[in-house]
>>> print(open('data.txt').read())   # compact mmCIF, C-alpha atoms
# COMPACT_ATOMS: atom_id res chain seq x y z
CA GLY A 26 0.00 0.00 0.00
CA ALA A 27 0.91 3.66 -0.27
CA VAL A 28 3.23 4.96 2.42
CA VAL A 29 3.40 8.44 3.91
CA SER A 30 6.12 9.50 6.31
CA GLN A 31 6.25 12.41 8.71
CA HIS A 32 9.25 14.00 10.34
CA PRO A 33 9.79 14.56 13.16
CA SER A 34 7.55 12.11 14.98
CA TRP A 35 7.89 14.08 18.17
CA VAL A 36 9.11 17.59 18.88
CA ILE A 37 9.34 19.84 21.91
CA CYS A 38 9.92 23.54 21.44
CA LYS A 39 9.91 26.73 23.45
CA SER A 40 7.08 29.21 23.25
CA GLY A 41 7.66 31.77 20.53
CA THR A 42 9.75 29.56 18.28
CA SER A 43 8.75 28.03 14.95
CA VAL A 44 8.53 24.35 14.13
CA LYS A 45 8.49 22.69 10.70
CA ILE A 46 6.86 19.32 10.10
CA GLU A 47 7.55 17.41 6.89
CA CYS A 48 5.15 15.05 5.17
CA ARG A 49 6.40 12.85 2.35
CA SER A 50 4.63 10.38 0.08
CA LEU A 51 7.23 7.65 -0.39
CA ASP A 52 5.84 5.50 -3.19
CA PHE A 53 3.21 7.60 -4.89
CA GLN A 54 2.64 11.14 -6.06
CA ALA A 55 0.22 13.07 -3.91
CA THR A 56 -1.61 15.64 -5.96
CA THR A 57 -3.36 16.82 -2.84
CA MET A 58 -2.15 16.70 0.74
CA PHE A 59 -4.18 17.34 3.84
CA TRP A 60 -3.17 18.46 7.30
CA TYR A 61 -5.16 17.48 10.37
CA ARG A 62 -4.96 18.29 14.03
CA GLN A 63 -6.08 15.86 16.71
CA PHE A 64 -6.50 16.40 20.43
CA PRO A 65 -6.43 13.40 22.80
CA LYS A 66 -9.43 11.11 22.42
CA GLN A 67 -10.98 13.38 19.83
CA SER A 68 -11.55 13.16 16.13
CA LEU A 69 -9.32 14.50 13.39
CA MET A 70 -9.95 18.12 12.49
CA LEU A 71 -8.99 19.19 8.98
CA MET A 72 -6.78 22.26 9.04
CA ALA A 73 -5.96 22.77 5.39
CA THR A 74 -5.80 21.27 1.94
CA SER A 75 -2.84 21.84 -0.34
CA ASN A 76 -2.31 21.10 -3.99
CA GLU A 77 1.16 20.89 -5.48
CA GLY A 78 2.33 24.28 -6.63
CA SER A 79 -0.70 26.13 -5.29
CA LYS A 80 -1.53 28.03 -2.14
CA ALA A 81 -3.13 25.99 0.58
CA THR A 82 -6.83 26.30 1.34
CA TYR A 83 -7.46 26.69 5.04
CA GLU A 84 -10.55 25.60 6.94
CA GLN A 85 -12.59 28.18 8.75
CA GLY A 86 -11.01 29.22 12.01
CA VAL A 87 -7.49 28.09 11.12
CA GLU A 88 -4.97 30.94 11.10
CA LYS A 89 -3.11 30.76 7.81
CA ASP A 90 -0.36 33.09 9.07
CA LYS A 91 0.27 30.83 12.00
CA PHE A 92 0.14 27.50 10.19
CA LEU A 93 2.16 27.91 7.01
CA ILE A 94 1.75 25.12 4.50
CA ASN A 95 3.97 24.54 1.50
CA HIS A 96 3.44 21.84 -1.12
CA ALA A 97 6.45 22.30 -3.33
CA SER A 98 6.45 18.91 -5.01
CA LEU A 99 4.19 15.93 -5.55
CA THR A 100 5.92 14.08 -2.75
CA LEU A 101 6.54 16.72 -0.10
CA SER A 102 4.39 19.05 1.95
CA THR A 103 5.47 21.00 5.00
CA LEU A 104 3.58 22.55 7.89
CA THR A 105 5.31 25.29 9.83
CA VAL A 106 3.84 26.36 13.13
CA THR A 107 5.05 29.92 13.60
CA SER A 108 5.48 31.60 16.97
CA ALA A 109 4.23 28.48 18.70
CA HIS A 110 2.36 28.72 21.99
CA PRO A 111 1.34 26.04 24.49
CA GLU A 112 -2.16 25.93 23.03
CA ASP A 113 -0.64 24.77 19.72
CA SER A 114 0.47 21.59 21.44
CA SER A 115 -1.33 18.78 19.65
CA PHE A 116 -0.95 15.78 17.36
CA TYR A 117 -0.59 16.76 13.71
CA ILE A 118 -1.34 14.26 10.96
CA CYS A 119 -0.87 14.62 7.22
CA SER A 120 -2.34 12.56 4.42
CA GLY A 121 -1.86 12.29 0.70
CA ASP A 122 -4.50 11.73 -1.90
CA GLY A 123 -3.27 9.28 -4.54
CA ALA A 124 -4.31 10.38 -7.99
CA GLY A 125 -7.25 8.38 -9.29
CA VAL A 126 -7.93 6.71 -5.98
CA ASN A 127 -10.63 7.95 -3.67
CA GLU A 128 -8.57 7.23 -0.60
CA GLN A 129 -6.24 9.20 1.62
CA PHE A 130 -3.04 7.66 2.91
CA PHE A 131 -2.04 8.87 6.35
CA GLY A 132 1.30 9.66 7.88
CA PRO A 133 2.13 8.40 11.38
CA GLY A 134 1.63 11.83 12.91
CA THR A 135 3.78 14.34 14.78
CA ARG A 136 3.35 15.12 18.45
CA LEU A 137 4.11 18.76 19.13
CA THR A 138 4.65 20.00 22.67
CA VAL A 139 5.18 23.71 23.22
CA LEU A 140 6.63 24.66 26.59
CA ALA B 25 -23.00 20.44 4.61
CA GLN B 26 -22.19 16.81 5.15
CA THR B 27 -22.02 15.39 8.65
CA VAL B 28 -20.99 12.06 10.15
CA THR B 29 -22.26 10.90 13.52
CA GLN B 30 -20.99 8.11 15.72
CA SER B 31 -23.27 7.87 18.72
CA GLN B 32 -21.26 5.30 20.68
CA PRO B 33 -18.25 6.94 22.39
CA GLU B 34 -17.18 3.59 23.84
CA MET B 35 -17.92 -0.05 23.14
CA SER B 36 -16.74 -3.25 24.72
CA VAL B 37 -16.60 -6.79 23.36
CA GLN B 38 -15.39 -10.12 24.63
CA GLU B 39 -12.58 -11.72 22.70
CA ALA B 40 -13.89 -13.99 19.90
CA GLU B 41 -17.31 -12.33 20.02
CA THR B 42 -18.92 -10.01 17.46
CA VAL B 43 -19.45 -6.28 17.85
CA THR B 44 -21.15 -3.68 15.69
CA LEU B 45 -20.17 -0.02 15.60
CA SER B 46 -22.76 2.46 14.40
CA CYS B 47 -22.42 5.38 12.03
CA THR B 48 -24.93 7.65 10.38
CA TYR B 49 -24.27 10.42 7.91
CA ASP B 50 -26.10 13.19 6.20
CA THR B 51 -25.56 14.33 2.64
CA SER B 52 -27.40 15.51 -0.43
CA GLU B 53 -24.77 14.13 -2.78
CA SER B 54 -25.42 10.98 -4.75
CA ASP B 55 -21.80 9.94 -5.35
CA TYR B 56 -19.60 9.47 -2.35
CA TYR B 57 -17.42 7.01 -0.48
CA LEU B 58 -17.59 5.83 3.09
CA PHE B 59 -14.74 4.49 5.17
CA TRP B 60 -13.96 2.97 8.51
CA TYR B 61 -10.54 3.80 9.91
CA LYS B 62 -8.84 2.24 12.91
CA GLN B 63 -6.53 4.28 15.12
CA PRO B 64 -4.62 2.09 17.59
CA PRO B 65 -2.58 3.52 20.48
CA SER B 66 0.26 4.23 18.03
CA ARG B 67 -2.17 6.75 16.47
CA GLN B 68 -1.40 5.60 12.93
CA MET B 69 -4.62 5.78 10.91
CA ILE B 70 -5.34 2.44 9.27
CA LEU B 71 -8.00 1.91 6.63
CA VAL B 72 -10.26 -0.95 7.65
CA ILE B 73 -12.85 -0.95 4.91
CA ARG B 74 -14.35 1.28 2.22
CA GLN B 75 -17.71 1.39 0.51
CA GLU B 76 -18.66 3.09 -2.74
CA ALA B 77 -22.13 4.55 -2.49
CA TYR B 78 -23.14 3.33 -5.94
CA LYS B 79 -22.48 -0.27 -4.95
CA GLN B 80 -25.38 -2.00 -3.27
CA GLN B 81 -23.29 -4.92 -2.10
CA ASN B 82 -21.86 -4.50 1.38
CA ALA B 83 -18.08 -4.42 1.54
CA THR B 84 -16.24 -7.17 3.39
CA GLU B 85 -12.60 -7.50 4.45
CA ASN B 86 -11.89 -10.72 6.30
CA ARG B 87 -13.44 -10.32 9.78
CA PHE B 88 -14.72 -6.84 9.01
CA SER B 89 -17.96 -6.15 7.17
CA VAL B 90 -20.30 -3.25 6.80
CA ASN B 91 -24.05 -2.84 6.68
CA PHE B 92 -24.59 -0.02 4.22
CA GLN B 93 -28.14 1.31 4.17
CA LYS B 94 -28.08 4.16 1.65
CA ALA B 95 -31.67 5.29 2.08
CA ALA B 96 -31.31 5.39 5.84
CA LYS B 97 -27.81 6.92 5.53
CA SER B 98 -26.41 4.34 7.86
CA PHE B 99 -23.01 2.66 7.65
CA SER B 100 -22.26 0.27 10.51
CA LEU B 101 -19.13 -1.83 10.97
CA LYS B 102 -19.29 -5.41 12.18
CA ILE B 103 -16.19 -7.03 13.62
CA SER B 104 -16.43 -10.80 13.89
CA ASP B 105 -14.25 -13.03 16.05
CA SER B 106 -12.86 -9.99 17.87
CA GLN B 107 -9.18 -10.09 18.72
CA LEU B 108 -7.16 -8.19 21.32
CA GLY B 109 -5.45 -6.34 18.48
CA ASP B 110 -8.78 -4.89 17.40
CA ALA B 111 -8.77 -2.62 20.45
CA ALA B 112 -8.52 0.90 19.08
CA MET B 113 -10.46 4.02 18.26
CA TYR B 114 -12.59 3.58 15.16
CA PHE B 115 -13.62 6.45 12.93
CA CYS B 116 -16.34 6.48 10.33
CA ALA B 117 -15.58 8.88 7.47
CA TYR B 118 -17.25 10.31 4.38
CA VAL B 119 -15.78 11.81 1.24
CA GLY B 120 -17.79 13.42 -1.51
CA ASN B 121 -17.24 15.92 -4.26
CA THR B 122 -14.87 18.15 -2.27
CA GLY B 123 -12.39 15.32 -1.73
CA LYS B 124 -12.21 16.22 1.94
CA LEU B 125 -12.67 13.49 4.51
CA ILE B 126 -15.34 14.19 7.10
CA PHE B 127 -14.87 12.16 10.24
CA GLY B 128 -17.27 11.08 12.93
CA GLN B 129 -16.48 11.60 16.58
CA GLY B 130 -14.97 8.15 16.97
CA THR B 131 -15.76 5.04 18.99
CA THR B 132 -13.25 3.55 21.40
CA LEU B 133 -13.41 -0.24 21.26
CA GLN B 134 -12.22 -2.28 24.20
CA VAL B 135 -11.63 -6.00 23.73
CA LYS B 136 -11.77 -8.07 26.89
CA PRO B 137 -9.76 -11.31 27.11
>>> encode(input="data.txt", output="structure tokens")
Amino acid sequence: GAVVSQHPSWVICKSGTSVKIECRSLDFQATTMFWYRQFPKQSLMLMATSNEGSKATYEQGVEKDKFLINHASLTLSTLTVTSAHPEDSSFYICSGDGAGVNEQFFGPGTRLTVL
Amino acid sequence: AQTVTQSQPEMSVQEAETVTLSCTYDTSESDYYLFWYKQPPSRQMILVIRQEAYKQQNATENRFSVNFQKAAKSFSLKISDSQLGDAAMYFCAYVGNTGKLIFGQGTTLQVKP
């Protein structure tokens, strides 16, 4: 099956700093990538959708200046949390949409802790 | 707007027994896909089963099967011969014309030995 990786799997940072999370599709080209946020024991909340070479589309209530998304190639998307604060601490998951397949392939997630 | 509802926050089943997880959805679209995902403690999302709305036949994957009732907008998951490794959070999800997955609230399944 299609594999998506995320790096890092776990990161701790100080309040006010920025953190970049990478999402890579290893064996397929992801025309569209999605970024989700998940709090403990809750469902996945879609943050944004990005298409290769285009600006990301953010869901209502998600600050686009805080959560910068870049989808520079068909195999790489990045999420940068800028000026992170403790309330940004969460589990971030990316997924890639394989062309021609109505299915998203999920990365293993990144746990962000902001001190 | 489309919505997905899982009304069972927690379920419990004895090992080797059968359990059914409920899911209802609301949509005005005619073409869509439905999924059940499993999220174990590792938090890796794993696709369990998918159903195309235009197919009347219920999808089956080994011990996992669905009961897809399109008119009632119901999509339940049946797990037969439950195993300890089935313990996880299960999410029902919908995708339609937007390509965005809409998830239900999730059901935590406990499997008792």
>>> interface_residues(input="data.txt", of="chain B", to="chain A", cutoff="12 Å", atoms="all atoms listed in the file", output="PDB file with C-alpha atoms, in the coordinates of the input")
ATOM      1  CA  VAL B  28     -20.990  12.060  10.150  1.00  0.00           C
ATOM      2  CA  THR B  29     -22.260  10.900  13.520  1.00  0.00           C
ATOM      3  CA  GLN B  30     -20.990   8.110  15.720  1.00  0.00           C
ATOM      4  CA  PRO B  33     -18.250   6.940  22.390  1.00  0.00           C
ATOM      5  CA  GLU B  34     -17.180   3.590  23.840  1.00  0.00           C
ATOM      6  CA  ASP B  55     -21.800   9.940  -5.350  1.00  0.00           C
ATOM      7  CA  TYR B  56     -19.600   9.470  -2.350  1.00  0.00           C
ATOM      8  CA  TYR B  57     -17.420   7.010  -0.480  1.00  0.00           C
ATOM      9  CA  LEU B  58     -17.590   5.830   3.090  1.00  0.00           C
ATOM     10  CA  PHE B  59     -14.740   4.490   5.170  1.00  0.00           C
ATOM     11  CA  TRP B  60     -13.960   2.970   8.510  1.00  0.00           C
ATOM     12  CA  TYR B  61     -10.540   3.800   9.910  1.00  0.00           C
ATOM     13  CA  LYS B  62      -8.840   2.240  12.910  1.00  0.00           C
ATOM     14  CA  GLN B  63      -6.530   4.280  15.120  1.00  0.00           C
ATOM     15  CA  PRO B  64      -4.620   2.090  17.590  1.00  0.00           C
ATOM     16  CA  PRO B  65      -2.580   3.520  20.480  1.00  0.00           C
ATOM     17  CA  SER B  66       0.260   4.230  18.030  1.00  0.00           C
ATOM     18  CA  ARG B  67      -2.170   6.750  16.470  1.00  0.00           C
ATOM     19  CA  GLN B  68      -1.400   5.600  12.930  1.00  0.00           C
ATOM     20  CA  MET B  69      -4.620   5.780  10.910  1.00  0.00           C
ATOM     21  CA  ILE B  70      -5.340   2.440   9.270  1.00  0.00           C
ATOM     22  CA  LEU B  71      -8.000   1.910   6.630  1.00  0.00           C
ATOM     23  CA  VAL B  72     -10.260  -0.950   7.650  1.00  0.00           C
ATOM     24  CA  ILE B  73     -12.850  -0.950   4.910  1.00  0.00           C
ATOM     25  CA  ARG B  74     -14.350   1.280   2.220  1.00  0.00           C
ATOM     26  CA  GLN B  75     -17.710   1.390   0.510  1.00  0.00           C
ATOM     27  CA  GLU B  76     -18.660   3.090  -2.740  1.00  0.00           C
ATOM     28  CA  ALA B 112      -8.520   0.900  19.080  1.00  0.00           C
ATOM     29  CA  MET B 113     -10.460   4.020  18.260  1.00  0.00           C
ATOM     30  CA  TYR B 114     -12.590   3.580  15.160  1.00  0.00           C
ATOM     31  CA  PHE B 115     -13.620   6.450  12.930  1.00  0.00           C
ATOM     32  CA  CYS B 116     -16.340   6.480  10.330  1.00  0.00           C
ATOM     33  CA  ALA B 117     -15.580   8.880   7.470  1.00  0.00           C
ATOM     34  CA  TYR B 118     -17.250  10.310   4.380  1.00  0.00           C
ATOM     35  CA  VAL B 119     -15.780  11.810   1.240  1.00  0.00           C
ATOM     36  CA  GLY B 120     -17.790  13.420  -1.510  1.00  0.00           C
ATOM     37  CA  ASN B 121     -17.240  15.920  -4.260  1.00  0.00           C
ATOM     38  CA  THR B 122     -14.870  18.150  -2.270  1.00  0.00           C
ATOM     39  CA  GLY B 123     -12.390  15.320  -1.730  1.00  0.00           C
ATOM     40  CA  LYS B 124     -12.210  16.220   1.940  1.00  0.00           C
ATOM     41  CA  LEU B 125     -12.670  13.490   4.510  1.00  0.00           C
ATOM     42  CA  ILE B 126     -15.340  14.190   7.100  1.00  0.00           C
ATOM     43  CA  PHE B 127     -14.870  12.160  10.240  1.00  0.00           C
ATOM     44  CA  GLY B 128     -17.270  11.080  12.930  1.00  0.00           C
ATOM     45  CA  GLN B 129     -16.480  11.600  16.580  1.00  0.00           C
ATOM     46  CA  GLY B 130     -14.970   8.150  16.970  1.00  0.00           C
ATOM     47  CA  THR B 131     -15.760   5.040  18.990  1.00  0.00           C
ATOM     48  CA  THR B 132     -13.250   3.550  21.400  1.00  0.00           C
TER      49      THR B 132
END
>>> residues_near_point(input="data.txt", point="(-22.2, -9.0, 13.7)", cutoff="8 Å", atoms="all atoms listed in the file", output="ChimeraX atom specification")
/B:42-44,102-104
>>> atom_distance(input="data.txt", atom1="atom CA of B:Ala96", atom2="atom CA of A:Glu84")
29.0 Å
>>> atom_distance(input="data.txt", atom1="atom CA of A:Leu104", atom2="atom CA of A:Gln54")
18.0 Å
>>> residues_near_point(input="data.txt", point="(-25.3, 2.6, 12.0)", cutoff="6 Å", atoms="only C-alpha atoms", output="ChimeraX atom specification")
/B:46-48,98-100
>>> atom_distance(input="data.txt", atom1="atom CA of A:Glu47", atom2="atom CA of A:Val106")
11.5 Å
>>> closest_residue(input="data.txt", among="A:Ser30, A:Thr100, A:Ser115, A:Asn95", to="A:Lys45", atoms="all atoms listed in the file")
A:Asn95
>>> residues_around(input="data.txt", residues="B:Gln81", least_positions_apart="2", cutoff="12 Å", atoms="all atoms listed in the file", output="list in words")
Arg74, Gln75, Glu76, Ala77, Tyr78, Lys79, Ala83, Thr84, Ser89, Val90, Asn91, Phe92, Gln93 and Lys94 of chain B
>>> closest_residue(input="data.txt", among="A:Thr138, A:Ala109, A:Arg62, A:Ser102", to="A:Val87", atoms="all atoms listed in the file")
A:Arg62
>>> residues_around(input="data.txt", residues="A:Glu112", least_positions_apart="5", cutoff="10 Å", atoms="all atoms listed in the file", output="mmCIF file with C-alpha atoms, keeping the file's coordinate frame")
data_model
loop_
_atom_site.group_PDB
_atom_site.id
_atom_site.type_symbol
_atom_site.label_atom_id
_atom_site.label_comp_id
_atom_site.auth_asym_id
_atom_site.auth_seq_id
_atom_site.Cartn_x
_atom_site.Cartn_y
_atom_site.Cartn_z
ATOM 1 C CA SER A 40 7.080 29.210 23.250
ATOM 2 C CA THR A 138 4.650 20.000 22.670
ATOM 3 C CA VAL A 139 5.180 23.710 23.220
ATOM 4 C CA LEU A 140 6.630 24.660 26.590
#
>>> closest_residue(input="data.txt", among="B:Ser31, B:Ala111, B:Arg87, B:Ser106", to="B:Tyr49", atoms="only C-alpha atoms")
B:Ser31
>>> closest_residue(input="data.txt", among="A:Ser75, A:Ser108, A:Gln31, A:Ser114", to="A:Ser50", atoms="all atoms listed in the file")
A:Gln31
>>> residues_around(input="data.txt", residues="B:Pro137", least_positions_apart="4", cutoff="12 Å", atoms="all atoms listed in the file", output="PyMOL selection string")
chain B and resi 36-41+106-111
